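Participant: Coordinates in my_file22.cif, mmCIF, C-alpha atoms, are listed below.
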```cif
data_structure
#
loop_
_atom_site.label_atom_id
_atom_site.label_comp_id
_atom_site.auth_asym_id
_atom_site.auth_seq_id
_atom_site.Cartn_x
_atom_site.Cartn_y
_atom_site.Cartn_z
CA MET A 1 93.58 80.87 77.92
CA ILE A 2 92.08 82.23 81.14
CA GLY A 3 94.16 83.55 84.03
CA LYS A 4 94.34 86.03 86.88
CA ILE A 5 96.42 89.21 86.83
CA ILE A 6 98.71 88.98 89.85
CA LYS A 7 101.06 91.91 89.16
CA LEU A 8 101.23 95.10 87.11
CA THR A 9 104.51 96.93 86.58
CA GLY A 10 106.14 98.86 83.76
CA GLY A 11 103.12 98.44 81.50
CA PHE A 12 103.29 94.64 81.71
CA TYR A 13 100.56 92.49 83.23
CA TYR A 14 101.69 89.24 84.84
CA VAL A 15 98.93 86.66 84.43
CA LYS A 16 98.88 83.38 86.35
CA GLU A 17 97.41 80.29 84.73
CA ASP A 18 99.43 77.07 84.89
CA LYS A 19 102.45 79.38 85.19
CA VAL A 20 102.96 83.16 85.13
CA TYR A 21 102.90 84.83 81.72
CA GLU A 22 104.15 88.32 80.87
CA THR A 23 101.42 90.08 78.89
CA ARG A 24 100.30 93.41 77.52
CA ALA A 25 96.77 94.72 77.01
CA ARG A 26 95.45 94.90 73.46
CA GLY A 27 94.82 98.39 72.06
CA LEU A 28 91.08 97.71 72.08
CA PHE A 29 91.01 98.53 75.81
CA ARG A 30 92.10 102.12 75.12
CA HIS A 31 89.25 102.56 72.67
CA LYS A 32 86.79 101.20 75.25
CA ASP A 33 88.29 103.38 78.03
CA GLU A 34 88.84 100.20 80.00
CA LYS A 35 92.01 99.15 81.78
CA PRO A 36 92.77 95.75 83.32
CA VAL A 37 93.83 95.83 86.98
CA VAL A 38 95.45 93.39 89.36
CA GLY A 39 92.93 90.79 90.48
CA ASP A 40 91.09 90.71 87.15
CA ILE A 41 90.23 87.39 85.56
CA VAL A 42 91.16 87.74 81.90
CA ASP A 43 91.26 85.94 78.56
CA PHE A 44 94.72 86.10 77.00
CA GLU A 45 96.65 84.56 74.14
CA VAL A 46 100.37 83.85 73.88
CA GLU A 47 102.33 84.45 70.70
CA GLU A 48 105.42 82.61 69.43
CA ASN A 49 107.77 84.97 71.24
CA MET A 50 105.97 83.94 74.48
CA LEU A 51 104.62 87.46 75.06
CA GLY A 52 100.94 87.33 75.88
CA TYR A 53 98.13 89.73 75.03
CA ILE A 54 95.04 90.27 77.15
CA THR A 55 91.93 90.20 74.97
CA ARG A 56 89.07 90.36 77.48
CA VAL A 57 88.42 91.23 81.12
CA HIS A 58 85.78 89.06 82.81
CA PRO A 59 82.99 90.77 84.81
CA ARG A 60 84.29 91.95 88.19
CA LYS A 61 82.80 91.12 91.56
CA ASN A 62 83.94 94.56 92.74
CA MET A 63 86.73 97.06 92.27
CA LEU A 64 88.63 99.44 94.49
CA LYS A 65 89.85 102.74 93.07
CA ARG A 66 92.80 103.01 95.42
CA PRO A 67 94.48 100.66 95.61
CA SER A 68 93.33 99.84 92.06
CA VAL A 69 92.41 96.18 92.45
CA ALA A 70 89.50 93.93 91.51
CA ASN A 71 87.64 90.92 92.90
CA VAL A 72 88.42 91.55 96.56
CA ASP A 73 86.78 89.73 99.48
CA LEU A 74 88.03 92.16 102.11
CA ALA A 75 89.69 95.58 102.32
CA LEU A 76 91.90 95.78 105.40
CA VAL A 77 92.78 99.38 106.32
CA VAL A 78 96.12 99.38 108.16
CA ILE A 79 96.59 102.17 110.72
CA PRO A 80 100.02 102.48 112.41
CA VAL A 81 100.09 103.66 116.01
CA LYS A 82 103.38 105.49 115.39
CA SER A 83 106.24 105.74 112.90
CA PRO A 84 104.49 107.31 111.03
CA ASN A 85 101.83 108.90 113.20
CA PRO A 86 98.32 108.09 111.93
CA ASN A 87 96.56 110.62 109.72
CA ILE A 88 92.99 110.24 111.05
CA PHE A 89 91.41 112.46 108.39
CA LEU A 90 93.04 110.46 105.60
CA ILE A 91 91.86 107.21 107.17
CA ASP A 92 88.29 108.49 107.45
CA LYS A 93 88.34 109.61 103.80
CA VAL A 94 89.38 106.12 102.72
CA LEU A 95 86.69 104.52 104.88
CA ALA A 96 84.01 106.81 103.41
CA GLU A 97 85.02 105.85 99.87
CA TYR A 98 84.97 102.14 100.73
CA GLU A 99 81.53 102.55 102.30
CA LYS A 100 80.32 104.15 99.07
CA GLU A 101 81.66 101.19 97.10
CA ASP A 102 79.86 98.83 99.51
CA MET A 103 83.17 97.10 100.17
CA LYS A 104 83.57 94.72 103.09
CA VAL A 105 86.13 96.54 105.24
CA LYS A 106 87.87 95.88 108.54
CA ILE A 107 90.60 97.80 110.36
CA LEU A 108 94.01 96.72 111.58
CA ILE A 109 95.92 98.80 114.15
CA SER A 110 99.60 98.02 113.49
CA LYS A 111 102.84 98.55 115.44
CA ILE A 112 100.93 98.34 118.72
CA ASP A 113 104.17 97.61 120.62
CA LEU A 114 105.11 101.29 120.11
CA ASP A 115 102.17 102.66 122.12
CA LYS A 116 99.71 100.22 123.68
CA GLU A 117 97.57 102.96 125.21
CA TYR A 118 97.05 104.82 121.94
CA ALA A 119 96.42 101.53 120.15
CA GLU A 120 93.51 100.88 122.50
CA GLU A 121 92.23 104.42 121.96
CA LEU A 122 92.25 103.98 118.18
CA LYS A 123 90.61 100.59 118.52
CA GLY A 124 87.84 102.08 120.65
CA THR A 125 87.26 104.95 118.19
CA TYR A 126 86.65 102.68 115.23
CA GLU A 127 84.75 100.03 117.15
CA LYS A 128 82.39 102.78 118.30
CA ALA A 129 82.03 103.74 114.62
CA GLY A 130 80.86 100.20 113.88
CA TYR A 131 84.02 98.60 112.48
CA GLU A 132 85.60 95.28 113.40
CA VAL A 133 89.11 96.16 114.58
CA TYR A 134 92.19 93.95 114.88
CA THR A 135 95.51 94.82 116.52
CA TYR A 136 98.94 93.53 115.54
CA SER A 137 102.64 93.82 116.30
CA ALA A 138 105.23 92.36 113.92
CA VAL A 139 107.80 92.70 116.74
CA THR A 140 105.99 90.71 119.44
CA ASN A 141 103.58 88.77 117.12
CA GLU A 142 100.70 89.91 119.31
CA GLY A 143 97.50 89.49 117.32
CA LYS A 144 99.13 87.32 114.63
CA ASP A 145 96.93 84.25 115.21
CA GLU A 146 93.71 86.29 115.02
CA LEU A 147 94.96 87.99 111.87
CA LYS A 148 95.80 84.69 110.18
CA LYS A 149 92.29 83.43 110.91
CA LEU A 150 90.82 86.60 109.41
CA LEU A 151 92.84 86.35 106.20
CA LYS A 152 92.54 82.58 105.70
CA GLY A 153 90.68 81.65 102.53
CA ARG A 154 90.14 85.28 101.51
CA THR A 155 91.51 87.65 98.89
CA THR A 156 92.42 90.71 100.93
CA ALA A 157 93.60 94.15 99.78
CA LEU A 158 95.76 96.02 102.28
CA SER A 159 95.27 99.78 102.27
CA GLY A 160 97.21 102.45 104.13
CA VAL A 161 100.02 104.97 104.15
CA SER A 162 103.64 104.10 103.39
CA ALA A 163 105.49 102.38 106.25
CA ALA A 164 102.23 101.35 107.95
CA GLY A 165 103.58 97.81 108.05
CA LYS A 166 101.72 96.25 105.10
CA SER A 167 104.70 94.48 103.51
CA THR A 168 105.98 93.32 106.89
CA LEU A 169 102.53 91.92 107.68
CA ILE A 170 102.49 89.93 104.42
CA SER A 171 106.02 88.65 105.04
CA ASN A 172 105.07 87.40 108.52
CA ILE A 173 101.66 85.95 107.63
CA LEU A 174 102.72 84.21 104.41
CA ASN A 175 106.31 83.41 105.49
CA ILE A 176 107.92 85.24 102.57
CA ASN A 177 110.50 88.03 102.45
CA LEU A 178 109.32 91.37 101.06
CA GLU A 179 111.32 94.60 100.98
CA THR A 180 110.07 97.01 103.62
CA GLY A 181 110.47 100.74 104.10
CA ASP A 182 111.25 103.08 106.92
CA VAL A 183 110.03 106.50 107.96
CA SER A 184 111.37 109.89 106.99
CA SER A 185 112.33 111.57 110.27
CA LYS A 186 111.91 115.00 108.69
CA LEU A 187 108.35 114.44 107.42
CA ASN A 188 107.23 111.67 109.79
CA ARG A 189 105.73 109.69 106.94
CA GLY A 190 106.73 106.51 105.22
CA LYS A 191 109.17 106.28 102.36
CA HIS A 192 107.65 104.32 99.48
CA THR A 193 108.93 100.75 99.21
CA THR A 194 106.09 98.94 97.45
CA ARG A 195 105.95 100.49 93.99
CA HIS A 196 103.33 98.35 92.32
CA VAL A 197 100.28 96.27 93.17
CA GLU A 198 100.91 92.55 93.47
CA ILE A 199 99.02 89.53 94.79
CA PHE A 200 100.88 87.13 97.06
CA PRO A 201 99.40 83.64 97.54
CA GLY A 202 99.40 81.71 100.79
CA GLU A 203 98.00 78.41 102.00
CA ASN A 204 94.31 77.50 102.09
CA ASN A 205 93.34 79.74 99.16
CA THR A 206 94.63 82.86 100.92
CA PHE A 207 95.67 85.81 98.75
CA ILE A 208 96.92 89.23 99.89
CA PHE A 209 97.37 92.32 97.71
CA ASP A 210 100.45 94.35 98.59
CA THR A 211 99.87 97.92 97.46
CA PRO A 212 101.83 101.20 97.39
CA GLY A 213 101.16 103.51 100.31
CA PHE A 214 99.59 106.92 99.82
CA SER A 215 99.80 110.34 101.44
CA ASN A 216 96.59 111.77 99.96
CA TYR A 217 93.30 110.38 98.74
CA GLU A 218 90.53 111.84 96.59
CA VAL A 219 87.02 110.55 97.20
CA ASP A 220 84.31 110.40 94.55
CA ILE A 221 81.35 111.48 96.70
CA GLU A 222 78.85 114.34 96.51
CA GLU A 223 78.77 116.36 99.75
CA GLU A 224 75.03 115.79 100.25
CA ASP A 225 75.60 112.02 100.17
CA LEU A 226 78.61 111.96 102.52
CA LYS A 227 76.46 111.46 105.63
CA TYR A 228 75.46 107.99 104.41
CA TYR A 229 79.10 106.82 104.38
CA PHE A 230 79.89 107.54 108.02
CA ARG A 231 78.17 104.39 109.18
CA GLU A 232 77.69 105.40 112.83
CA PHE A 233 75.53 108.38 111.76
CA ASN A 234 72.87 106.19 110.20
CA LYS A 235 71.25 105.04 113.46
CA TYR A 236 70.29 108.57 114.53
CA THR A 237 67.13 110.46 113.57
CA CYS A 238 67.08 114.16 112.76
CA LYS A 239 64.24 116.68 112.73
CA PHE A 240 64.70 117.25 108.99
CA ASN A 241 65.07 114.44 106.45
CA ASP A 242 67.63 116.44 104.47
CA CYS A 243 69.78 117.21 107.52
CA HIS A 244 73.51 117.23 106.69
CA HIS A 245 74.57 117.23 110.38
CA VAL A 246 76.32 120.60 110.04
CA ASN A 247 74.27 123.61 111.21
CA GLU A 248 70.70 122.28 111.14
CA PRO A 249 68.49 122.36 114.28
CA GLY A 250 67.21 119.14 115.76
CA CYS A 251 70.18 117.11 114.47
CA GLY A 252 70.35 113.66 116.06
CA VAL A 253 73.98 113.20 115.06
CA LYS A 254 75.12 116.40 116.81
CA GLU A 255 73.11 115.40 119.88
CA ALA A 256 74.86 112.01 119.85
CA LEU A 257 78.18 113.85 119.58
CA LEU A 258 77.34 115.89 122.70
CA ASN A 259 76.41 112.67 124.49
CA LYS A 260 79.77 111.16 123.43
CA GLU A 261 78.02 108.40 121.48
CA ILE A 262 79.97 109.51 118.41
CA GLU A 263 83.71 110.13 118.54
CA LYS A 264 84.76 113.76 118.16
CA THR A 265 87.58 112.88 115.73
CA ARG A 266 85.14 111.12 113.41
CA TYR A 267 82.74 114.06 113.39
CA GLU A 268 85.62 116.48 112.77
CA SER A 269 86.70 114.36 109.79
CA TYR A 270 83.14 114.43 108.48
CA ILE A 271 82.86 118.24 108.68
CA ARG A 272 86.28 118.76 107.12
CA LEU A 273 85.51 116.37 104.27
CA TYR A 274 82.02 117.84 103.79
CA GLU A 275 83.53 121.31 103.33
CA GLU A 276 86.24 119.95 101.05
CA LEU A 277 83.66 118.30 98.78
CA LYS A 278 81.44 121.37 98.84
CA ASN A 279 84.32 123.64 97.80
CA ARG A 280 85.44 121.20 95.13
CA ARG A 281 82.05 121.35 93.46
CA LYS A 282 82.04 125.18 93.71
CA TYR A 283 85.32 125.47 91.81
#
```
Here is a file; write its structure as C-alpha cells.
Facilitator:
Amino acid sequence: MIGKIIKLTGGFYYVKEDKVYETRARGLFRHKDEKPVVGDIVDFEVEENMLGYITRVHPRKNMLKRPSVANVDLALVVIPVKSPNPNIFLIDKVLAEYEKEDMKVKILISKIDLDKEYAEELKGTYEKAGYEVYTYSAVTNEGKDELKKLLKGRTTALSGVSAAGKSTLISNILNINLETGDVSSKLNRGKHTTRHVEIFPGENNTFIFDTPGFSNYEVDIEEEDLKYYFREFNKYTCKFNDCHHVNEPGCGVKEALLNKEIEKTRYESYIRLYEELKNRRKY
C-alpha cells in the first residue's frame, strides 16, 4: 500500500491512504541512517493486528530540517508583532537556512492588531530584503482572504516561535479547532502547545503543516557561503570577488547599507551569524 505520513508522535507514524493507519518504521531505516518524516510518501504493509510497517520512503521533492517535513510547496515563516516580541536574529537564521535549501519561502506578520505601526515596519524590512510579505490578525480577520488565496491548493509548512499564532491561523483558515498556547510573562516567549508535526487538510487540495515552535535554530552553512543566503546582498558588486561584506574595502553591500538600501537589522543579523559560524568551525 502507498500512503502519506500525516502525523508523527510517540514513535508512531500515522499514514493516510483510504483511511489513517498507525504504523512503525522497519528496522532497515536505522541501518540506512534514514528516517521517515511527516509529508513523506511511503510504501507500508498492515499486519493482522492492524499495525502497519513502513517499508520504503519514496524520493522527496524537498525536505526542511526544522520543522522536519518533506514534500513542501511553501514555507511560511510566521513573525508575531508582539506577545511574544519577534526575535529578528532567529528569523534571519531560519531564512538563511531556507535559502540554502532553495525552498520557496514567504513571510507572514501575525497579530498585527497589537501594533499596526510595527507590523508595517517589519513588512517593509522583509519586502526590502526581497520577500513577499503577508499580514494577518486572527482577532480582526484582517488579511485572512489574501492568506486563504496564498494557501489554496498548496502544501504549506508553518515555521516560527511558540505562540506566534500558527495553530490559531490553521484553525481559522481550515475551520477546525486546534489547541493554542499563550505567552510566558516572565520570559516573553511562547509556551509550547504543538508538540508534534501534523498535516491538516483543507478544501481544494490545501494542506498545512502545524509544527512545534522553537526558541533556537542551528544552521548548516559555512561562513564563507553565508553571503549567498541573504538574498538582498546578491545584487551588489564588490571590489573583490571573495568579499564577505565584513571588513573588506570596496564592499558594495556595506555601501548599500550606508545608502539605506539594505536594512540595518538584516546586516546586523548577517554579521552576528557570520561570527557565530566562524567560531563554531574554530572550536
Participant: Expressed in Å to a single decimal, how great is the separation between CA of Ser68 (chain A) and CA of Ile271 (chain A)?
Facilitator: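 We find that CA of Ser68 (chain A) and CA of Ile271 (chain A) lie 26.9 Å from each other.
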Participant: To test the calculation: enclose all listed atoms of region 274-280 of chain A in a box whose edges run along x, y and z, add 5 Å on each side, then state centre and edge lengths in Å to one decimal, as lines of an AutoDock Vina configuration file.
Facilitator:
```
center_x = 83.8
center_y = 120.7
center_z = 99.5
size_x = 14.8
size_y = 15.8
size_z = 18.7
```
Participant: On this file, the PyMOL selection byres ((chain A and resi 92) around 10) gives some set of residues; write that set as a list in words.
Facilitator: Asn87, Ile88, Phe89, Leu90, Ile91, Lys93, Val94, Leu95, Ala96, Glu97, Tyr98, Tyr126, Tyr229, Phe230, Thr265, Arg266, Tyr267, Glu268, Ser269, Tyr270 and Leu273 of chain A
Participant: Can you turn the PyMOL selection byres ((chain A and resi 148) around 12) into a concrete residue list for this file, as an MDAnalysis selection string?
Facilitator: chainID A and resid 134:136 141:147 149:154 156 169:170 172:175 202:204 206:208
Participant: Considering only C-alpha atoms, return as a ChimeraX atom specification whatever protein or nucleic-acid residues lie within 12 Å of Gly130 (chain A), sequence-local ones (same chain, fewer than 6 positions apart) excluded.
Facilitator: /A:95,99,105-107,123-124,229-235,261-263,266
Participant: Work out how far CA of Ser167 (chain A) is from CA of Val69 (chain A), in Å to one decimal.
Facilitator: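 About the pair CA of Val69 (chain A) and CA of Ser167 (chain A): they are 16.6 Å apart.
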Participant: With the file shown as input, list the residues that the PyMOL selection byres ((chain A and resi 47) around 12) selects, as a short mmCIF file (atom, residue, chain, number, x, y, z; two decimals) with C-alpha atoms, keeping the file's coordinate frame.
Facilitator:
```cif
data_model
loop_
_atom_site.label_atom_id
_atom_site.label_comp_id
_atom_site.auth_asym_id
_atom_site.auth_seq_id
_atom_site.Cartn_x
_atom_site.Cartn_y
_atom_site.Cartn_z
CA MET A 1 93.58 80.87 77.92
CA TYR A 21 102.90 84.83 81.72
CA GLU A 22 104.15 88.32 80.87
CA THR A 23 101.42 90.08 78.89
CA ARG A 24 100.30 93.41 77.52
CA PHE A 44 94.72 86.10 77.00
CA GLU A 45 96.65 84.56 74.14
CA VAL A 46 100.37 83.85 73.88
CA GLU A 48 105.42 82.61 69.43
CA ASN A 49 107.77 84.97 71.24
CA MET A 50 105.97 83.94 74.48
CA LEU A 51 104.62 87.46 75.06
CA GLY A 52 100.94 87.33 75.88
CA TYR A 53 98.13 89.73 75.03
CA ILE A 54 95.04 90.27 77.15
#
```
Participant: Rounded to one decimal in Å, what is the spacing between CA of Val197 (chain A) and CA of Asn71 (chain A)?
Facilitator: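 So the answer is 13.7 Å.
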Participant: Write out as an NGL selection string each polymer residue whose atoms come within 12 Å of Glu34 (chain A), counting only C-alpha atoms; drop sequence neighbours fewer than 2 positions from it.
Facilitator: :A and (25-32 or 36-37 or 55-58)
Participant: Generate the output file for the selected residues, C-alpha atoms, as a short mmCIF file (atom, residue, chain, number, x, y, z; two decimals), keeping the file's coordinate frame.
Facilitator:
```cif
data_model
loop_
_atom_site.label_atom_id
_atom_site.label_comp_id
_atom_site.auth_asym_id
_atom_site.auth_seq_id
_atom_site.Cartn_x
_atom_site.Cartn_y
_atom_site.Cartn_z
CA ALA A 25 96.77 94.72 77.01
CA ARG A 26 95.45 94.90 73.46
CA GLY A 27 94.82 98.39 72.06
CA LEU A 28 91.08 97.71 72.08
CA PHE A 29 91.01 98.53 75.81
CA ARG A 30 92.10 102.12 75.12
CA HIS A 31 89.25 102.56 72.67
CA LYS A 32 86.79 101.20 75.25
CA PRO A 36 92.77 95.75 83.32
CA VAL A 37 93.83 95.83 86.98
CA THR A 55 91.93 90.20 74.97
CA ARG A 56 89.07 90.36 77.48
CA VAL A 57 88.42 91.23 81.12
CA HIS A 58 85.78 89.06 82.81
#
```
Participant: Here is a test: counting only C-alpha atoms, which residue of A:Asn205, A:Val78, A:Ile112, A:Glu101 is nearest to Ala138 (chain A)?
Facilitator: A:Ile112
Participant: Using all atoms listed in the file, which residues sit within 12 Å of Cys243 (chain A) once same-chain residues fewer than 4 positions away are excluded, as a tab-separated table (two decimals) with C-alpha atoms, keeping the file's coordinate frame?
Facilitator:
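In the end it all went to out14.tsv:
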```tsv
chain	number	residue	atom	x	y	z
A	223	GLU	CA	78.77	116.36	99.75
A	224	GLU	CA	75.03	115.79	100.25
A	225	ASP	CA	75.60	112.02	100.17
A	226	LEU	CA	78.61	111.96	102.52
A	227	LYS	CA	76.46	111.46	105.63
A	228	TYR	CA	75.46	107.99	104.41
A	233	PHE	CA	75.53	108.38	111.76
A	234	ASN	CA	72.87	106.19	110.20
A	236	TYR	CA	70.29	108.57	114.53
A	237	THR	CA	67.13	110.46	113.57
A	238	CYS	CA	67.08	114.16	112.76
A	239	LYS	CA	64.24	116.68	112.73
A	247	ASN	CA	74.27	123.61	111.21
A	248	GLU	CA	70.70	122.28	111.14
A	249	PRO	CA	68.49	122.36	114.28
A	250	GLY	CA	67.21	119.14	115.76
A	251	CYS	CA	70.18	117.11	114.47
A	252	GLY	CA	70.35	113.66	116.06
A	253	VAL	CA	73.98	113.20	115.06
A	254	LYS	CA	75.12	116.40	116.81
```
Participant: So that I can look at just that part, could you write region 63-142 of chain A with C-alpha atoms, as a short mmCIF file (atom, residue, chain, number, x, y, z; two decimals), in the first residue's frame?
Facilitator:
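Produced file result_1.cif, reproduced below:
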```
data_model
loop_
_atom_site.label_atom_id
_atom_site.label_comp_id
_atom_site.auth_asym_id
_atom_site.auth_seq_id
_atom_site.Cartn_x
_atom_site.Cartn_y
_atom_site.Cartn_z
CA MET A 63 12.88 18.46 2.86
CA LEU A 64 13.10 21.00 5.64
CA LYS A 65 15.34 20.31 8.61
CA ARG A 66 13.27 22.35 11.04
CA PRO A 67 10.43 21.79 11.04
CA SER A 68 11.35 18.28 9.85
CA VAL A 69 8.91 17.86 6.97
CA ALA A 70 9.06 16.70 3.36
CA ASN A 71 7.40 17.49 0.03
CA VAL A 72 6.52 21.09 0.81
CA ASP A 73 5.28 23.64 -1.75
CA LEU A 74 5.80 26.64 0.51
CA ALA A 75 7.48 27.51 3.81
CA LEU A 76 5.59 30.31 5.55
CA VAL A 77 7.66 31.98 8.27
CA VAL A 78 5.29 33.43 10.89
CA ILE A 79 6.55 36.52 12.73
CA PRO A 80 4.41 37.89 15.60
CA VAL A 81 4.37 41.64 16.12
CA LYS A 82 4.09 41.16 19.89
CA SER A 83 3.30 38.53 22.52
CA PRO A 84 5.99 37.28 22.11
CA ASN A 85 8.19 40.03 20.72
CA PRO A 86 9.89 38.96 17.47
CA ASN A 87 13.43 37.62 17.61
CA ILE A 88 14.82 39.16 14.41
CA PHE A 89 18.14 37.29 14.55
CA LEU A 90 16.36 33.96 14.90
CA ILE A 91 14.08 34.80 11.97
CA ASP A 92 17.05 35.73 9.78
CA LYS A 93 18.84 32.48 10.68
CA VAL A 94 15.79 30.49 9.60
CA LEU A 95 15.52 32.45 6.35
CA ALA A 96 19.21 31.86 5.56
CA GLU A 97 18.78 28.10 6.05
CA TYR A 98 15.69 28.04 3.83
CA GLU A 99 17.57 29.99 1.16
CA LYS A 100 20.34 27.39 1.29
CA GLU A 101 17.76 24.63 0.80
CA ASP A 102 16.33 26.56 -2.17
CA MET A 103 12.92 26.45 -0.51
CA LYS A 104 10.09 28.66 -1.72
CA VAL A 105 9.51 30.91 1.28
CA LYS A 106 7.16 33.77 2.13
CA ILE A 107 6.64 35.71 5.34
CA LEU A 108 3.54 36.29 7.44
CA ILE A 109 3.42 39.08 10.03
CA SER A 110 0.89 37.89 12.62
CA LYS A 111 -1.05 39.58 15.46
CA ILE A 112 -0.96 42.88 13.58
CA ASP A 113 -3.85 44.22 15.69
CA LEU A 114 -1.39 44.53 18.61
CA ASP A 115 0.85 47.09 16.87
CA LYS A 116 -0.05 48.24 13.37
CA GLU A 117 2.91 50.61 13.10
CA TYR A 118 5.50 47.95 13.94
CA ALA A 119 3.74 45.48 11.65
CA GLU A 120 4.28 47.89 8.75
CA GLU A 121 7.92 48.36 9.79
CA LEU A 122 8.53 44.60 9.77
CA LYS A 123 6.73 44.26 6.46
CA GLY A 124 8.93 46.95 4.93
CA THR A 125 12.12 45.34 6.26
CA TYR A 126 11.46 41.99 4.63
CA GLU A 127 9.98 43.39 1.44
CA LYS A 128 13.18 45.40 1.03
CA ALA A 129 15.07 42.13 1.51
CA GLY A 130 13.16 40.66 -1.43
CA TYR A 131 10.47 38.61 0.31
CA GLU A 132 6.74 38.53 -0.37
CA VAL A 133 5.13 39.53 2.93
CA TYR A 134 1.57 38.99 4.16
CA THR A 135 -0.06 40.44 7.27
CA TYR A 136 -2.77 38.84 9.38
CA SER A 137 -4.84 39.28 12.53
CA ALA A 138 -6.85 36.37 13.94
CA VAL A 139 -8.77 38.92 16.07
CA THR A 140 -9.98 41.22 13.28
CA ASN A 141 -9.53 38.75 10.35
CA GLU A 142 -7.56 41.43 8.51
#
```
